[in-house]
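Scroll down for the structure; my scribbles are underneath it.
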Amino acid sequence: MLRIVLFVLLLGMRLDALELGIDRLQAMNFAPLAGKRVGLVTNQTGVNSQLVKTRLILRKASSVRLCALFSPEHGLDGTELAGKYVASKKDPATGLPVHSLYGPTRKPTPAMLNGLDVLVFDMQDIGCRSYTYVSTMARCMEAAGEAGIDFMVLDRPNPLGGLRVEGPPMESRWISFIGQIPVPYVHGMTVGELARMTNHSGWTATRCRLHVVEMRGWQRSMQWQETGLRWVQTSPNIPKASSPLYYVATGMPGELAGLDTGVGGPTPFEFLACRSASAEFLVTTLRRSAFPGVEFIPYKSGPWQGVRLRIQPEAPANLTGLGIHLLAAANQGSKPNLFARSPADKLDLFFKSYGSQSIRTQLEKGVPPEKIVAGWSDSVARFMAARKPFLLYP
């Protein structure tokens, strides 16, 4: 009992110590932004540790001149569905113009940046390459560099932690808005760290004058529940702090036709089902492989059969690799296979998400998923070495 009490007390001390980038900026009395005309790239996740919106905080700061807002995919309030056009508008909370970066343009135009001194980025990412918030950040960094203005990142935790690094690399021909930065599918970096690496590595056409306001108290080993922060839904299908884990496992295969991953329902990304293979076959196939921290449960709903996942937050399993095993098992039972039945636009999205077209050839030739996943190891190791100079947290 004494050990449990001590653990809880120590955990409480650890939680109290965590401060977000916006918390640190407030503690500095906004000194880095004093007297500057500011544009803020944000959405509903841009809040301090007390859930006060960053745009309201900056609007009320007497030393800051917040002039404009910029919103990503899903809009300023995070309610628009994936891929849906987002219109520019006026923010009723601040009275400021909101320039959409998921409408006519995905990069701030010179006209949007006219009169600004600094562009500030404050949004919660989910730690996966294909989630478009980091693509928005990269485009904004490039625009700031071209305009000759500063770029500031208010850092936030990676909900997948800082130790999970896995997945295929990105081939240059498949770089797109769902894979703008050539890192592994799961990179284990915060947005501030990614910005530092992006700016140094030439992943944007023009570098910017970058400043990262670091967190205080975050460690790479932390799972989200250890931060003490309340989760703010990042988009309609990422409602919970655990959602990024499931997104990593099923989001990529879910781009193909003939699969259901629960998107649009109450448990998005938490299962994978198809019409052409039995739940028993899929569960038995997956249980033959080692995925520690993941439970496979038969799933049936009408003509759909598949696997419901239960993933522990600290699961050591390669979740991107799990996605390839899920895809291989479902593909094996599909006639014609999932690639053949997918229209060109879905194939294009899948290859952009995976970062290569090679996966189709490998699976159609019968290459075991274990071998495909093992083939990522060298590129992951190179990335791990390359990212070291840009890490900010132990």
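By order in the structure tokens, chains are A, B, ...; within a chain, residues start at 1; ligands start at 1, following the order shown.
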Non-local contacts of A:Ile238 (8 Å; only C-alpha atoms; under 4 positions in same chain excluded) as an MDAnalysis selection string: chainID A and resid 233:234 243:244 247 268
Contacts of stretch 360-373 of chain A within 8 Å, only C-alpha atoms, excl. fewer than 4 positions in-chain, as a list in words: Gly167, Pro168, Gly321, Ile324, His325, Ala328, Phe339 and Ser377 of chain A
Output file for the residues above (C-alpha atoms, as a PDB file, in the first residue's frame):
```pdb
ATOM      1  CA  GLY A 167       7.035   2.230 -40.507  1.00  0.00           C
ATOM      2  CA  PRO A 168       8.103   2.568 -44.121  1.00  0.00           C
ATOM      3  CA  GLY A 321       3.541  -3.449 -38.895  1.00  0.00           C
ATOM      4  CA  ILE A 324       0.457  -4.589 -42.821  1.00  0.00           C
ATOM      5  CA  HIS A 325      -0.463  -7.914 -41.193  1.00  0.00           C
ATOM      6  CA  ALA A 328      -2.168  -9.051 -45.844  1.00  0.00           C
ATOM      7  CA  PHE A 339      -5.686  -3.534 -54.810  1.00  0.00           C
ATOM      8  CA  SER A 377      14.537  -1.510 -40.161  1.00  0.00           C
TER       9      SER A 377
END
```
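With distances restricted to only C-alpha atoms, A:Glu73 is the closest residue to A:Ala87 from A:Glu255, A:Glu314, A:Glu142, A:Glu73.
Between atom CA of A:Leu113 and atom CA of A:Arg209 lies a distance of 14.9 Å.
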Residue set, stretch 61-139 of chain A restricted to strand (DSSP E or B), as a VMD selection string: chain A and resid 65 to 71 89 to 90 97 to 100 118 to 122 128
Residues near stretch 88-100 of chain A, cut-off 9 Å, only C-alpha atoms, skip fewer than 3 positions along chain, as a PyMOL selection string: chain A and resi 55-56+59+66-73+75-76+103-106+108+112
Near-A:Asp260 list (7 Å; only C-alpha atoms; drop same-chain fewer than 3 positions) as a count of residues only: 4
Closest of A:Glu171, A:Asp77, A:Pro389, A:Gln312 to A:Ser201 - atom-to-atom distances counting only C-alpha atoms: A:Pro389
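Considering only C-alpha atoms, the residue among A:Ala385, A:Gly228, A:Val134, A:Glu214 positioned nearest to A:Thr198 is A:Val134.
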Expected answer as a PyMOL selection string: helix (DSSP H, G or I) residues in stretch 160-252 of chain A: chain A and resi 172-174+191-201+224-226+243-250
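Distance annotation: of A:Tyr85, A:Phe390, A:Tyr133, A:Phe269, the residue with the minimal separation from A:Ala249 is A:Phe269; atom set is only C-alpha atoms.
Considering only C-alpha atoms, the residue among A:Cys128, A:Val86, A:Ala279, A:Met197 positioned nearest to A:Lys388 is A:Met197.
Excluding A:Cys208 itself and same-chain residues fewer than 3 positions from it, the residues having an atom within 10 Å of it are Cys140, Met141, Glu142, Ala143, Ala144, Gly145, Glu146, Ala147, Gly148, Ile149, Asp150, Phe151, Met152, Ala195, Asn199, His200, Thr204, Ala205 and His211 of chain A, counting only C-alpha atoms.
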Pairwise distance for atom CA of A:Ser334 and atom CA of A:Gly265, rounded to one decimal in Å: 23.8 Å
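With only C-alpha atoms as the atoms that count, the minimum distance from A:Phe351 to the choices A:Val64, A:Leu338, A:Leu282, A:Ile175 is reached by A:Ile175.
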